[in-house]
Every structure is written in structure tokens, then in C-alpha cells.
Amino acid sequence: MSINISGAPPNSLSAGPPAPPYPDGYSGPANPACFLTMDDDKDWGGQSFTTNQAYNLGVAELWIKKGPGDDVSDIWVVIYPVDGNGHPTGQALGSGRIPNADVSEEFGWVSCIMTAMKLTVPLLRAAIKYCVVVHGPALSVLNALFWSCGGDGSGLPNGDQEWSTGSLVGPWNTDTTRDQLFRCYKTPFLDNYSGTAHAFMAQLLNNPNDWAGQSYTAMKSYPLGRIDIWIQKGAGDFVGDIIVALYPVTNGHPDIVAGHLATGIIPDADITPTAQFVRCDLACNISAGVKYCIVVHGYSLSGGNVIYWAYDNYASGSDYEGGDKEWSENGGVSWLTDTDWDHIFRCYPA
């Protein structure tokens, strides 16, 4: 690995950069002659950053290129927590792959779709330092990757350039005067549990008194506009309108007596025999740090007209810390809680 820092002055915009559509990132000013050269499979480059807000990371962008005629194979982009010195460490929180075909021989923004180790998207907490790490198992002196940086003094507060020639184990080196060019884009949904890599199981609802729920703790305050749930119906079944309601939580359970905060319906026609995210529009204001419960039921359900709401079957128990799977067999009068499993859901702002 080498670091090039000489050459032309950094690019700049006289009026300053526009407000970014992404919560975290560093877009320059970039020095055309400042970049990390990764030309060995043990060369790992990184950029630490401190989140401006809590969000689900959907896409990471890097300002990169490859050498003329080079084949960099698969480039891995990984999100790590950091240690007390700001270096990447421990278990990766999420990763994505950039194929060789996506990397040009000229510098440009290259997108990488991120997935988590357990959840389908990595959740980044507010005001926490993380590190975007880039490496390639096939990199060599004949197949090199170049990641651009700004080298005229640190332009990104609370984050720095990181690099290692010994893979993740390091030792890692920090340069507080340089920052790699990167952008982190959030998914359109906020509070969510999107499952693990393990097979899902499903809660069967085959009676009007079968009510299923999923509690969650809001990561921020926002106007809720939509909830998606991962459901399906039996082949040939008619399930009528499925009710999706949001309730306050008392003693860990949905408070049916207090009444719902918002409600919507999913018509029979929107639900198929194939499990997938199905949309329900509903509206209310959500407050950060408050626990809510999504409740699903249907008045036309019967033994021959059923729906299934998927929940996670991760062997080590629940990965979602903000709430639990709920279940009632008497129309919400009393509830059972399962702390090992979580229903699959996504909440979108209006």
C-alpha cells in the first residue's frame, strides 16, 4: 500500500458544497493526486466517521478507480465499529460487494449496496463512530485499486483516514490530515426489523380473534406514513381487509384499552400466496425513544382463509433489541410475549 499526497491543489467550489442528500460522507475538496493505493490482498483502507443521526444504511459510495486494464475482481466494502484509538475492530456490522465491472479506470463515484451480518440492512446509531473499510482479496501490483482522499488537512470532523497492510488485524495507521471520499445513504424506511440470513417462520392467523403484534422502540421522532409487513395468504384464500394498527405499549404489551394511534387496511387483493413486504398506509406522529406495537388481525379470517406474518427464526434468539413478538388469541384482551423472535416489519416516514 502507498499514499500519494503530492501534485495538483485540491478542487473546491467557491460557494461551498451543496447540502448533501446523505446523512454521512465526505465529498472533498478532493486532491486529484491524493489517494490510497491498494495493491495487495492484505491492503485495507478505511475512513472513520461519526454519525449525524440514526439510520439504516442502504448504500455506500466511494470515489475510486482501478489501474489501466486491471481486474480487481470483487471489492468489499465493510462497516466496522472502532476501538478506543478510532481503528476498525471486532465484528463487521455490514458489508457489500463491488464487482470489477463497476470500477472504471477513471475516478468516479461507485455505489455499493450494503447488507448486514444478521439483519438485511445495517443500523447505525446516532453520534457513534464507525469505519468504512475497503479491501479486495484479488488485489495485487498488477490489479490495483485507488481510493481518492482530500489531503489538505482534515475536512471531516470526528473521522480520519485509516489504512493497514495487515488486513483487519493491522496494525492500523491513522492520518488526521486526510479523509477518504465516501458517502453513506440511508434506506427510505426508519424503524424496522428485516430479518436475518436464517429461514423465517410465520405466525398463522386463522380466526378473527387471532391478533399478532410486534413492539418496537422509535429511533427518532417523525411523522409515520406507512408500515410494510412481510405476509402471505393461503393459496386461493379470501382474507378480506387485514387491519394494521399502531398502539401504545403498557407493561410491554399493546394497550388496546387506550386505543390505537393509527390504523389502516391491506385489501385482500394486495396479499398473495408468496411471502413479501406488503404496504399499509397509516398516519400518526412518532416520538423518539417511545415503544409502540404494530398489531395485525382480520375479521374475515377463518380455518380456510388464513394469513401468515413472518417472524425471524435466528437460532441465537432475537436480534432486534427494541421490541418483541406479541400474540393474542382473544382479540387483544390478553397478550403473550416471545422475546426470542421478532415479526418482520418496516416503518416509513410520511
# chains A, B, ... in the order shown; residues from 1 in each chain; ligands from 1
>>> residues_around(residues="Thr263 in chain A", least_positions_apart="4", cutoff="6 Å", atoms="only C-alpha atoms", output="short mmCIF file (atom, residue, chain, number, x, y, z; two decimals) with C-alpha atoms, in the first residue's frame")
data_model
loop_
_atom_site.label_atom_id
_atom_site.label_comp_id
_atom_site.auth_asym_id
_atom_site.auth_seq_id
_atom_site.Cartn_x
_atom_site.Cartn_y
_atom_site.Cartn_z
CA VAL A 244 -52.85 -2.94 10.62
CA ALA A 245 -52.95 -0.72 13.69
CA LEU A 282 -51.49 4.97 8.08
#
>>> select_by_dssp(residues="range 149-329 of chain A", states="strand (DSSP E or B)", output="ChimeraX atom specification")
/A:149-150,161-164,166,168,172-175,179-180,182-186,192-193,200-205,211-217,222-233,242-250,253-254,262-266,276-286,291-298,302,305,307-312,325-328
>>> residues_around(residues="range 139-150 of chain A", least_positions_apart="6", cutoff="8 Å", atoms="only C-alpha atoms", output="ChimeraX atom specification")
/A:10,28-32,34-41,62-67,70-73,107,178-181
>>> residues_around(residues="range 304-312 of chain A", least_positions_apart="6", cutoff="6 Å", atoms="only C-alpha atoms", output="compact mmCIF listing (two decimals) with N, CA and C atoms, in the first residue's frame")
# COMPACT_ATOMS: atom_id res chain seq x y z
N GLY A 195 -35.12 -9.05 9.41
CA GLY A 195 -34.77 -10.45 9.46
C GLY A 195 -33.29 -10.73 9.41
N PHE A 200 -37.14 -17.84 7.73
CA PHE A 200 -38.21 -17.29 8.55
C PHE A 200 -39.18 -18.40 8.95
N MET A 201 -39.86 -18.17 10.08
CA MET A 201 -41.06 -18.91 10.41
C MET A 201 -42.21 -17.92 10.29
N ALA A 202 -43.44 -18.37 10.52
CA ALA A 202 -44.57 -17.48 10.32
C ALA A 202 -45.65 -17.72 11.36
N GLN A 203 -46.26 -16.62 11.80
CA GLN A 203 -47.39 -16.68 12.71
C GLN A 203 -48.66 -16.87 11.90
N LEU A 204 -49.40 -17.94 12.18
CA LEU A 204 -50.65 -18.22 11.48
C LEU A 204 -51.79 -17.48 12.14
N LEU A 205 -52.57 -16.75 11.35
CA LEU A 205 -53.79 -16.11 11.82
C LEU A 205 -54.95 -16.72 11.03
N ASN A 206 -55.81 -17.48 11.71
CA ASN A 206 -56.91 -18.17 11.03
C ASN A 206 -58.23 -18.02 11.77
N TRP A 230 -44.20 -8.37 6.31
CA TRP A 230 -43.85 -9.49 5.43
C TRP A 230 -44.89 -10.59 5.63
N ILE A 231 -45.90 -10.63 4.73
CA ILE A 231 -47.01 -11.54 4.92
C ILE A 231 -47.35 -12.28 3.63
N GLN A 232 -48.20 -13.29 3.77
CA GLN A 232 -48.76 -14.01 2.64
C GLN A 232 -50.09 -14.62 3.10
N LYS A 233 -50.90 -15.07 2.14
CA LYS A 233 -52.13 -15.77 2.47
C LYS A 233 -52.07 -17.17 1.88
N GLY A 234 -53.00 -18.02 2.28
CA GLY A 234 -53.06 -19.35 1.72
C GLY A 234 -53.50 -19.31 0.27
N ASP A 237 -57.11 -18.44 -0.98
CA ASP A 237 -57.87 -17.92 0.17
C ASP A 237 -58.36 -16.50 -0.10
N PHE A 238 -59.52 -16.18 0.51
CA PHE A 238 -60.01 -14.80 0.55
C PHE A 238 -59.97 -14.35 2.00
N VAL A 239 -59.12 -13.35 2.30
CA VAL A 239 -58.92 -12.95 3.69
C VAL A 239 -59.57 -11.62 4.01
N TRP A 341 -38.12 -14.06 19.32
CA TRP A 341 -38.45 -13.88 17.92
C TRP A 341 -39.01 -12.50 17.68
N ASP A 342 -38.96 -12.06 16.42
CA ASP A 342 -39.50 -10.75 16.04
C ASP A 342 -40.15 -10.84 14.68
N HIS A 343 -41.34 -10.24 14.56
CA HIS A 343 -42.01 -10.16 13.27
C HIS A 343 -41.25 -9.21 12.34
N ILE A 344 -41.40 -9.43 11.05
CA ILE A 344 -40.69 -8.64 10.04
C ILE A 344 -41.54 -7.43 9.68
>>> closest_residue(among="A:Asn209, A:Ser104, A:Ser334, A:Ser95", to="Val296 in chain A", atoms="only C-alpha atoms")
A:Asn209
>>> closest_residue(among="A:Ala138, A:Glu105, A:Tyr26, A:Ser215", to="Ser154 in chain A", atoms="only C-alpha atoms")
A:Tyr26
>>> residues_around(residues="range 157-159 of chain A", least_positions_apart="2", cutoff="8 Å", atoms="only C-alpha atoms", output="list in words")
Gln47, Ser48, Phe49, Thr50, Lys129, Ser154, Gly155, Gln161, Thr176 and Asp179 of chain A
>>> residues_around(residues="Pro88 in chain A", least_positions_apart="2", cutoff="12 Å", atoms="only C-alpha atoms", output="VMD selection string")
chain A and resid 44 to 49 78 to 86 90 to 93 129 to 134 159 to 164 167 to 174
>>> select_by_dssp(residues="range 59-288 of chain A", states="helix (DSSP H, G or I)", output="count of residues only")
6
